[in-house]
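A.B. asks: Below is the file work-v3.cif, with mmCIF, N, CA and C atoms.
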```
data_protein
#
loop_
_atom_site.label_atom_id
_atom_site.label_comp_id
_atom_site.auth_asym_id
_atom_site.auth_seq_id
_atom_site.Cartn_x
_atom_site.Cartn_y
_atom_site.Cartn_z
N MET A 3 -6.67 -0.48 5.13
CA MET A 3 -5.91 0.21 6.15
C MET A 3 -6.81 0.46 7.33
N ARG A 4 -6.19 0.74 8.45
CA ARG A 4 -6.93 1.10 9.66
C ARG A 4 -6.03 1.92 10.56
N PHE A 5 -6.64 2.64 11.50
CA PHE A 5 -5.86 3.40 12.46
C PHE A 5 -5.20 2.45 13.44
N LYS A 6 -3.99 2.75 13.84
CA LYS A 6 -3.33 1.96 14.87
C LYS A 6 -4.12 2.12 16.17
N SER A 7 -4.35 1.01 16.83
CA SER A 7 -5.24 1.01 18.00
C SER A 7 -4.68 1.79 19.19
N GLU A 8 -3.38 1.96 19.26
CA GLU A 8 -2.81 2.67 20.41
C GLU A 8 -3.01 4.18 20.35
N TYR A 9 -3.48 4.69 19.22
CA TYR A 9 -3.70 6.14 19.10
C TYR A 9 -5.16 6.49 19.32
N LYS A 10 -5.38 7.54 20.10
CA LYS A 10 -6.72 8.03 20.41
C LYS A 10 -6.74 9.54 20.21
N VAL A 11 -7.91 10.07 19.93
CA VAL A 11 -8.08 11.51 19.81
C VAL A 11 -8.62 12.05 21.12
N ARG A 12 -8.01 13.11 21.58
CA ARG A 12 -8.45 13.78 22.80
C ARG A 12 -8.57 15.27 22.51
N SER A 13 -9.50 15.91 23.21
CA SER A 13 -9.66 17.35 23.11
C SER A 13 -8.84 17.97 24.23
N ILE A 14 -7.82 18.75 23.84
CA ILE A 14 -6.94 19.40 24.80
C ILE A 14 -6.86 20.88 24.46
N ALA A 15 -7.26 21.70 25.39
CA ALA A 15 -7.22 23.16 25.22
C ALA A 15 -7.94 23.59 23.94
N GLY A 16 -9.06 22.96 23.66
CA GLY A 16 -9.86 23.33 22.51
C GLY A 16 -9.38 22.77 21.18
N GLU A 17 -8.32 21.98 21.20
CA GLU A 17 -7.78 21.36 19.99
C GLU A 17 -8.00 19.85 20.06
N ASN A 18 -8.32 19.25 18.93
CA ASN A 18 -8.42 17.80 18.84
C ASN A 18 -7.07 17.27 18.42
N VAL A 19 -6.43 16.49 19.32
CA VAL A 19 -5.09 16.00 19.05
C VAL A 19 -5.04 14.49 19.19
N VAL A 20 -4.13 13.89 18.46
CA VAL A 20 -3.91 12.45 18.51
C VAL A 20 -2.83 12.18 19.53
N ILE A 21 -3.12 11.25 20.44
CA ILE A 21 -2.13 10.86 21.44
C ILE A 21 -2.00 9.34 21.48
N MET A 22 -0.86 8.88 21.97
CA MET A 22 -0.65 7.44 22.13
C MET A 22 -1.07 7.06 23.54
N GLN A 23 -1.96 6.08 23.66
CA GLN A 23 -2.45 5.62 24.95
C GLN A 23 -1.41 4.75 25.64
N GLY A 24 -1.30 4.91 26.95
CA GLY A 24 -0.55 3.99 27.78
C GLY A 24 0.95 4.00 27.61
N THR A 25 1.51 5.10 27.13
CA THR A 25 2.96 5.16 26.96
C THR A 25 3.51 6.21 27.92
N TYR A 26 3.70 5.82 29.14
CA TYR A 26 4.21 6.73 30.16
C TYR A 26 5.68 7.04 29.89
N GLY A 27 6.01 8.29 29.91
CA GLY A 27 7.40 8.70 29.75
C GLY A 27 7.90 8.62 28.32
N SER A 28 7.00 8.51 27.37
CA SER A 28 7.45 8.42 25.97
C SER A 28 7.92 9.78 25.48
N ASP A 29 8.66 9.76 24.42
CA ASP A 29 9.14 10.99 23.79
C ASP A 29 8.00 11.60 22.99
N VAL A 30 7.44 12.68 23.48
CA VAL A 30 6.34 13.34 22.79
C VAL A 30 6.89 14.58 22.10
N THR A 31 7.44 14.37 20.92
CA THR A 31 8.03 15.48 20.19
C THR A 31 7.12 15.96 19.07
N ARG A 32 6.03 15.26 18.86
CA ARG A 32 5.15 15.61 17.76
C ARG A 32 3.71 15.56 18.22
N VAL A 33 2.99 16.63 18.02
CA VAL A 33 1.58 16.68 18.32
C VAL A 33 0.83 16.73 16.99
N ILE A 34 -0.13 15.86 16.85
CA ILE A 34 -0.91 15.81 15.61
C ILE A 34 -2.28 16.38 15.91
N SER A 35 -2.56 17.52 15.33
CA SER A 35 -3.83 18.20 15.53
C SER A 35 -4.75 17.90 14.36
N LEU A 36 -6.03 17.66 14.66
CA LEU A 36 -7.01 17.35 13.63
C LEU A 36 -7.98 18.51 13.45
N ASN A 37 -8.18 18.91 12.20
CA ASN A 37 -9.22 19.90 11.93
C ASN A 37 -10.57 19.19 11.95
N ASP A 38 -11.65 19.92 11.75
CA ASP A 38 -13.00 19.35 11.85
C ASP A 38 -13.22 18.20 10.86
N THR A 39 -12.71 18.34 9.65
CA THR A 39 -12.89 17.29 8.65
C THR A 39 -12.11 16.05 9.03
N SER A 40 -10.87 16.21 9.47
CA SER A 40 -10.08 15.07 9.90
C SER A 40 -10.70 14.37 11.10
N LEU A 41 -11.27 15.15 12.01
CA LEU A 41 -11.94 14.57 13.17
C LEU A 41 -13.16 13.76 12.74
N LEU A 42 -13.93 14.29 11.80
CA LEU A 42 -15.09 13.56 11.28
C LEU A 42 -14.64 12.22 10.69
N LEU A 43 -13.61 12.26 9.85
CA LEU A 43 -13.11 11.03 9.24
C LEU A 43 -12.60 10.06 10.30
N TRP A 44 -11.84 10.56 11.26
CA TRP A 44 -11.31 9.71 12.32
C TRP A 44 -12.45 9.01 13.06
N ASN A 45 -13.47 9.78 13.43
CA ASN A 45 -14.59 9.21 14.18
C ASN A 45 -15.37 8.20 13.35
N GLU A 46 -15.56 8.47 12.09
CA GLU A 46 -16.31 7.56 11.21
C GLU A 46 -15.54 6.27 10.96
N LEU A 47 -14.22 6.34 10.93
CA LEU A 47 -13.41 5.21 10.52
C LEU A 47 -12.71 4.49 11.67
N GLN A 48 -12.88 4.99 12.87
CA GLN A 48 -12.22 4.40 14.03
C GLN A 48 -12.65 2.95 14.22
N GLY A 49 -11.66 2.06 14.33
CA GLY A 49 -11.94 0.66 14.64
C GLY A 49 -12.37 -0.20 13.47
N VAL A 50 -12.32 0.35 12.26
CA VAL A 50 -12.73 -0.44 11.09
C VAL A 50 -11.66 -0.36 10.00
N ASP A 51 -11.63 -1.38 9.15
CA ASP A 51 -10.78 -1.31 7.97
C ASP A 51 -11.44 -0.39 6.96
N PHE A 52 -10.64 0.41 6.26
CA PHE A 52 -11.18 1.32 5.27
C PHE A 52 -10.22 1.48 4.12
N ASP A 53 -10.72 2.02 3.04
CA ASP A 53 -9.89 2.30 1.87
C ASP A 53 -10.21 3.72 1.40
N LEU A 54 -9.50 4.15 0.37
CA LEU A 54 -9.72 5.51 -0.15
C LEU A 54 -11.16 5.72 -0.58
N LYS A 55 -11.75 4.70 -1.17
CA LYS A 55 -13.13 4.81 -1.63
C LYS A 55 -14.07 5.19 -0.48
N ARG A 56 -13.87 4.58 0.68
CA ARG A 56 -14.73 4.88 1.83
C ARG A 56 -14.49 6.31 2.32
N VAL A 57 -13.26 6.76 2.32
CA VAL A 57 -12.97 8.13 2.73
C VAL A 57 -13.66 9.11 1.79
N VAL A 58 -13.60 8.85 0.49
CA VAL A 58 -14.27 9.69 -0.51
C VAL A 58 -15.77 9.72 -0.25
N GLU A 59 -16.37 8.57 0.02
CA GLU A 59 -17.81 8.50 0.30
C GLU A 59 -18.19 9.38 1.48
N ILE A 60 -17.42 9.33 2.54
CA ILE A 60 -17.72 10.14 3.72
C ILE A 60 -17.62 11.62 3.39
N LEU A 61 -16.60 12.01 2.65
CA LEU A 61 -16.45 13.42 2.27
C LEU A 61 -17.62 13.90 1.42
N VAL A 62 -18.01 13.10 0.44
CA VAL A 62 -19.11 13.49 -0.45
C VAL A 62 -20.44 13.54 0.31
N GLU A 63 -20.64 12.61 1.26
CA GLU A 63 -21.87 12.58 2.05
C GLU A 63 -21.99 13.79 2.98
N ASN A 64 -20.87 14.32 3.44
CA ASN A 64 -20.90 15.35 4.48
C ASN A 64 -20.56 16.75 4.01
N TYR A 65 -20.03 16.88 2.80
CA TYR A 65 -19.63 18.19 2.31
C TYR A 65 -20.12 18.39 0.88
N ASP A 66 -20.22 19.63 0.49
CA ASP A 66 -20.60 19.97 -0.88
C ASP A 66 -19.33 19.93 -1.73
N VAL A 67 -18.95 18.71 -2.13
CA VAL A 67 -17.71 18.50 -2.87
C VAL A 67 -17.95 17.41 -3.91
N ASP A 68 -17.34 17.57 -5.08
CA ASP A 68 -17.48 16.55 -6.12
C ASP A 68 -16.51 15.40 -5.82
N GLU A 69 -16.76 14.25 -6.45
CA GLU A 69 -15.96 13.06 -6.18
C GLU A 69 -14.49 13.23 -6.54
N ALA A 70 -14.20 13.94 -7.61
CA ALA A 70 -12.80 14.12 -8.02
C ALA A 70 -12.02 14.90 -6.97
N THR A 71 -12.60 15.96 -6.46
CA THR A 71 -11.95 16.75 -5.42
C THR A 71 -11.84 15.94 -4.13
N ALA A 72 -12.91 15.23 -3.79
CA ALA A 72 -12.89 14.40 -2.58
C ALA A 72 -11.82 13.32 -2.68
N ALA A 73 -11.66 12.73 -3.87
CA ALA A 73 -10.65 11.69 -4.06
C ALA A 73 -9.24 12.24 -3.86
N LYS A 74 -9.01 13.43 -4.40
CA LYS A 74 -7.70 14.07 -4.23
C LYS A 74 -7.43 14.37 -2.76
N ASP A 75 -8.44 14.90 -2.08
CA ASP A 75 -8.30 15.23 -0.66
C ASP A 75 -8.12 13.97 0.18
N ALA A 76 -8.86 12.91 -0.15
CA ALA A 76 -8.76 11.65 0.59
C ALA A 76 -7.37 11.05 0.46
N GLU A 77 -6.83 11.09 -0.73
CA GLU A 77 -5.48 10.56 -0.95
C GLU A 77 -4.45 11.34 -0.15
N SER A 78 -4.57 12.65 -0.17
CA SER A 78 -3.65 13.51 0.58
C SER A 78 -3.77 13.24 2.08
N TRP A 79 -4.99 13.10 2.57
CA TRP A 79 -5.23 12.85 4.00
C TRP A 79 -4.61 11.53 4.42
N CYS A 80 -4.82 10.49 3.64
CA CYS A 80 -4.26 9.17 3.97
C CYS A 80 -2.74 9.18 3.92
N GLU A 81 -2.18 9.89 2.98
CA GLU A 81 -0.72 9.99 2.89
C GLU A 81 -0.15 10.68 4.13
N LYS A 82 -0.82 11.72 4.60
CA LYS A 82 -0.37 12.43 5.81
C LYS A 82 -0.44 11.50 7.02
N LEU A 83 -1.51 10.71 7.11
CA LEU A 83 -1.63 9.77 8.22
C LEU A 83 -0.52 8.73 8.18
N LYS A 84 -0.17 8.27 6.98
CA LYS A 84 0.92 7.31 6.84
C LYS A 84 2.25 7.94 7.25
N GLU A 85 2.48 9.19 6.84
CA GLU A 85 3.70 9.90 7.23
C GLU A 85 3.82 10.02 8.74
N CYS A 86 2.69 10.18 9.40
CA CYS A 86 2.68 10.31 10.86
C CYS A 86 2.65 8.96 11.56
N ASN A 87 2.67 7.89 10.78
CA ASN A 87 2.70 6.52 11.30
C ASN A 87 1.46 6.18 12.12
N LEU A 88 0.30 6.68 11.68
CA LEU A 88 -0.95 6.42 12.39
C LEU A 88 -1.75 5.27 11.80
N LEU A 89 -1.33 4.77 10.65
CA LEU A 89 -2.11 3.73 9.97
C LEU A 89 -1.38 2.40 9.91
N VAL A 90 -2.17 1.36 9.93
CA VAL A 90 -1.69 0.02 9.61
C VAL A 90 -2.23 -0.25 8.22
N ASP A 91 -1.34 -0.46 7.28
CA ASP A 91 -1.75 -0.74 5.90
C ASP A 91 -1.68 -2.23 5.68
N GLU A 92 -2.84 -2.84 5.58
CA GLU A 92 -2.93 -4.31 5.49
C GLU A 92 -3.04 -4.79 4.08
N LYS A 93 -2.13 -4.38 3.23
CA LYS A 93 -2.13 -4.82 1.84
C LYS A 93 -1.35 -6.09 1.70
#
```
Let me see the structure of the file written as structure tokens.

C.D. replies:
Amino acid sequence: MRFKSEYKVRSIAGENVVIMQGTYGSDVTRVISLNDTSLLLWNELQGVDFDLKRVVEILVENYDVDEATAAKDAESWCEKLKECNLLVDEK
């Protein structure tokens, strides 16, 4: 999977939010805000193909968390991104 290229993260009013680039006049009914962990993952994985294993590795490398907890969190994070239509799943 990978992030859709038309989405970028911008800092607006102290919040890190995902926006669609180059869509003038689009219907902006949903704002996706990223917490610090989501921002870390977004920055680490931007522009590359990744899988759950890579997300788990990043979490374990950067936080005091065991692999089982990181795996659960990684799966939940990826599912949320899919719900928000931010990922291209190249299976």

A.B. asks: To one decimal place in Å, what is the distance between atom C of Asn64 in chain A and CA of Glu77 in chain A?

C.D. replies: 17.0 Å

A.B. asks: Quick check for you: according to DSSP on this backbone, which residues of chain A are classed as strand (DSSP E or B)? Reply as a PyMOL selection string.

C.D. replies: chain A and resi 4-5+9-14+17-22+34-36+89-90

A.B. asks: Determine the residue set returned by the PyMOL selection byres ((chain A and resi 81-92) around 7) for the present structure, and present it as number ranges by chain.

C.D. replies: A: 3-6, 76-80, 93

A.B. asks: Check which residues satisfy the PyMOL selection byres (((chain A and resi 48 and name CA) around 12) and name CA) in the file shown, then give them as a list in words.

C.D. replies: Met3, Arg4, Phe5, Lys6, Ser7, Glu8, Tyr9, Lys10, Val11, Ser40, Leu41, Leu42, Leu43, Trp44, Asn45, Glu46, Leu47, Gly49, Val50, Asp51, Phe52, Val57, Leu88 and Leu89 of chain A

A.B. asks: Hey, can you check how far CA of Arg56 in chain A sits from CA of Thr71 in chain A?

C.D. replies: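 Atom-to-atom, CA of Arg56 in chain A to CA of Thr71 in chain A, that is 14.2 Å.
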
A.B. asks: One decimal, Å: what's the distance from atom C of Leu36 in chain A over to CA of Ile14 in chain A, could you say?

C.D. replies: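 Distance between the two atoms: 11.4 Å.
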
A.B. asks: Report the residues of chain A whose backbone DSSP state falls under helix (DSSP H, G or I), written as a ChimeraX atom specification.

C.D. replies: /A:38-47,54-64,69-85

A.B. asks: If you keep N, CA and C atoms, can you produce a file of those selected residues as a CSV table (one decimal), keeping the file's coordinate frame?

C.D. replies:
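The new file again-v3.csv reads:
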```csv
chain,number,residue,atom,x,y,z
A,38,ASP,N,-11.6,19.9,11.8
A,38,ASP,CA,-13.0,19.4,11.8
A,38,ASP,C,-13.2,18.2,10.9
A,39,THR,N,-12.7,18.3,9.6
A,39,THR,CA,-12.9,17.3,8.6
A,39,THR,C,-12.1,16.0,9.0
A,40,SER,N,-10.9,16.2,9.5
A,40,SER,CA,-10.1,15.1,9.9
A,40,SER,C,-10.7,14.4,11.1
A,41,LEU,N,-11.3,15.2,12.0
A,41,LEU,CA,-11.9,14.6,13.2
A,41,LEU,C,-13.2,13.8,12.7
A,42,LEU,N,-13.9,14.3,11.8
A,42,LEU,CA,-15.1,13.6,11.3
A,42,LEU,C,-14.6,12.2,10.7
A,43,LEU,N,-13.6,12.3,9.8
A,43,LEU,CA,-13.1,11.0,9.2
A,43,LEU,C,-12.6,10.1,10.3
A,44,TRP,N,-11.8,10.6,11.3
A,44,TRP,CA,-11.3,9.7,12.3
A,44,TRP,C,-12.4,9.0,13.1
A,45,ASN,N,-13.5,9.8,13.4
A,45,ASN,CA,-14.6,9.2,14.2
A,45,ASN,C,-15.4,8.2,13.4
A,46,GLU,N,-15.6,8.5,12.1
A,46,GLU,CA,-16.3,7.6,11.2
A,46,GLU,C,-15.5,6.3,11.0
A,47,LEU,N,-14.2,6.3,10.9
A,47,LEU,CA,-13.4,5.2,10.5
A,47,LEU,C,-12.7,4.5,11.7
A,54,LEU,N,-9.5,4.2,0.4
A,54,LEU,CA,-9.7,5.5,-0.2
A,54,LEU,C,-11.2,5.7,-0.6
A,55,LYS,N,-11.8,4.7,-1.2
A,55,LYS,CA,-13.1,4.8,-1.6
A,55,LYS,C,-14.1,5.2,-0.5
A,56,ARG,N,-13.9,4.6,0.7
A,56,ARG,CA,-14.7,4.9,1.8
A,56,ARG,C,-14.5,6.3,2.3
A,57,VAL,N,-13.3,6.8,2.3
A,57,VAL,CA,-13.0,8.1,2.7
A,57,VAL,C,-13.7,9.1,1.8
A,58,VAL,N,-13.6,8.8,0.5
A,58,VAL,CA,-14.3,9.7,-0.5
A,58,VAL,C,-15.8,9.7,-0.2
A,59,GLU,N,-16.4,8.6,0.0
A,59,GLU,CA,-17.8,8.5,0.3
A,59,GLU,C,-18.2,9.4,1.5
A,60,ILE,N,-17.4,9.3,2.5
A,60,ILE,CA,-17.7,10.1,3.7
A,60,ILE,C,-17.6,11.6,3.4
A,61,LEU,N,-16.6,12.0,2.6
A,61,LEU,CA,-16.4,13.4,2.3
A,61,LEU,C,-17.6,13.9,1.4
A,62,VAL,N,-18.0,13.1,0.4
A,62,VAL,CA,-19.1,13.5,-0.4
A,62,VAL,C,-20.4,13.5,0.3
A,63,GLU,N,-20.6,12.6,1.3
A,63,GLU,CA,-21.9,12.6,2.0
A,63,GLU,C,-22.0,13.8,3.0
A,64,ASN,N,-20.9,14.3,3.4
A,64,ASN,CA,-20.9,15.4,4.5
A,64,ASN,C,-20.6,16.8,4.0
A,69,GLU,N,-16.8,14.2,-6.4
A,69,GLU,CA,-16.0,13.1,-6.2
A,69,GLU,C,-14.5,13.2,-6.5
A,70,ALA,N,-14.2,13.9,-7.6
A,70,ALA,CA,-12.8,14.1,-8.0
A,70,ALA,C,-12.0,14.9,-7.0
A,71,THR,N,-12.6,16.0,-6.5
A,71,THR,CA,-12.0,16.8,-5.4
A,71,THR,C,-11.8,15.9,-4.1
A,72,ALA,N,-12.9,15.2,-3.8
A,72,ALA,CA,-12.9,14.4,-2.6
A,72,ALA,C,-11.8,13.3,-2.7
A,73,ALA,N,-11.7,12.7,-3.9
A,73,ALA,CA,-10.6,11.7,-4.1
A,73,ALA,C,-9.2,12.2,-3.9
A,74,LYS,N,-9.0,13.4,-4.4
A,74,LYS,CA,-7.7,14.1,-4.2
A,74,LYS,C,-7.4,14.4,-2.8
A,75,ASP,N,-8.4,14.9,-2.1
A,75,ASP,CA,-8.3,15.2,-0.7
A,75,ASP,C,-8.1,14.0,0.2
A,76,ALA,N,-8.9,12.9,-0.2
A,76,ALA,CA,-8.8,11.6,0.6
A,76,ALA,C,-7.4,11.0,0.5
A,77,GLU,N,-6.8,11.1,-0.7
A,77,GLU,CA,-5.5,10.6,-1.0
A,77,GLU,C,-4.4,11.3,-0.2
A,78,SER,N,-4.6,12.6,-0.2
A,78,SER,CA,-3.6,13.5,0.6
A,78,SER,C,-3.8,13.2,2.1
A,79,TRP,N,-5.0,13.1,2.6
A,79,TRP,CA,-5.2,12.8,4.0
A,79,TRP,C,-4.6,11.5,4.4
A,80,CYS,N,-4.8,10.5,3.6
A,80,CYS,CA,-4.3,9.2,4.0
A,80,CYS,C,-2.7,9.2,3.9
A,81,GLU,N,-2.2,9.9,3.0
A,81,GLU,CA,-0.7,10.0,2.9
A,81,GLU,C,-0.2,10.7,4.1
A,82,LYS,N,-0.8,11.7,4.6
A,82,LYS,CA,-0.4,12.4,5.8
A,82,LYS,C,-0.4,11.5,7.0
A,83,LEU,N,-1.5,10.7,7.1
A,83,LEU,CA,-1.6,9.8,8.2
A,83,LEU,C,-0.5,8.7,8.2
A,84,LYS,N,-0.2,8.3,7.0
A,84,LYS,CA,0.9,7.3,6.8
A,84,LYS,C,2.2,7.9,7.2
A,85,GLU,N,2.5,9.2,6.8
A,85,GLU,CA,3.7,9.9,7.2
A,85,GLU,C,3.8,10.0,8.7
```

A.B. asks: Would you please work out which residue, of A:Val19, A:Lys55, A:Asp68, A:Ile60, is nearest to Asn37 in chain A when using all atoms listed in the file?

C.D. replies: A:Val19
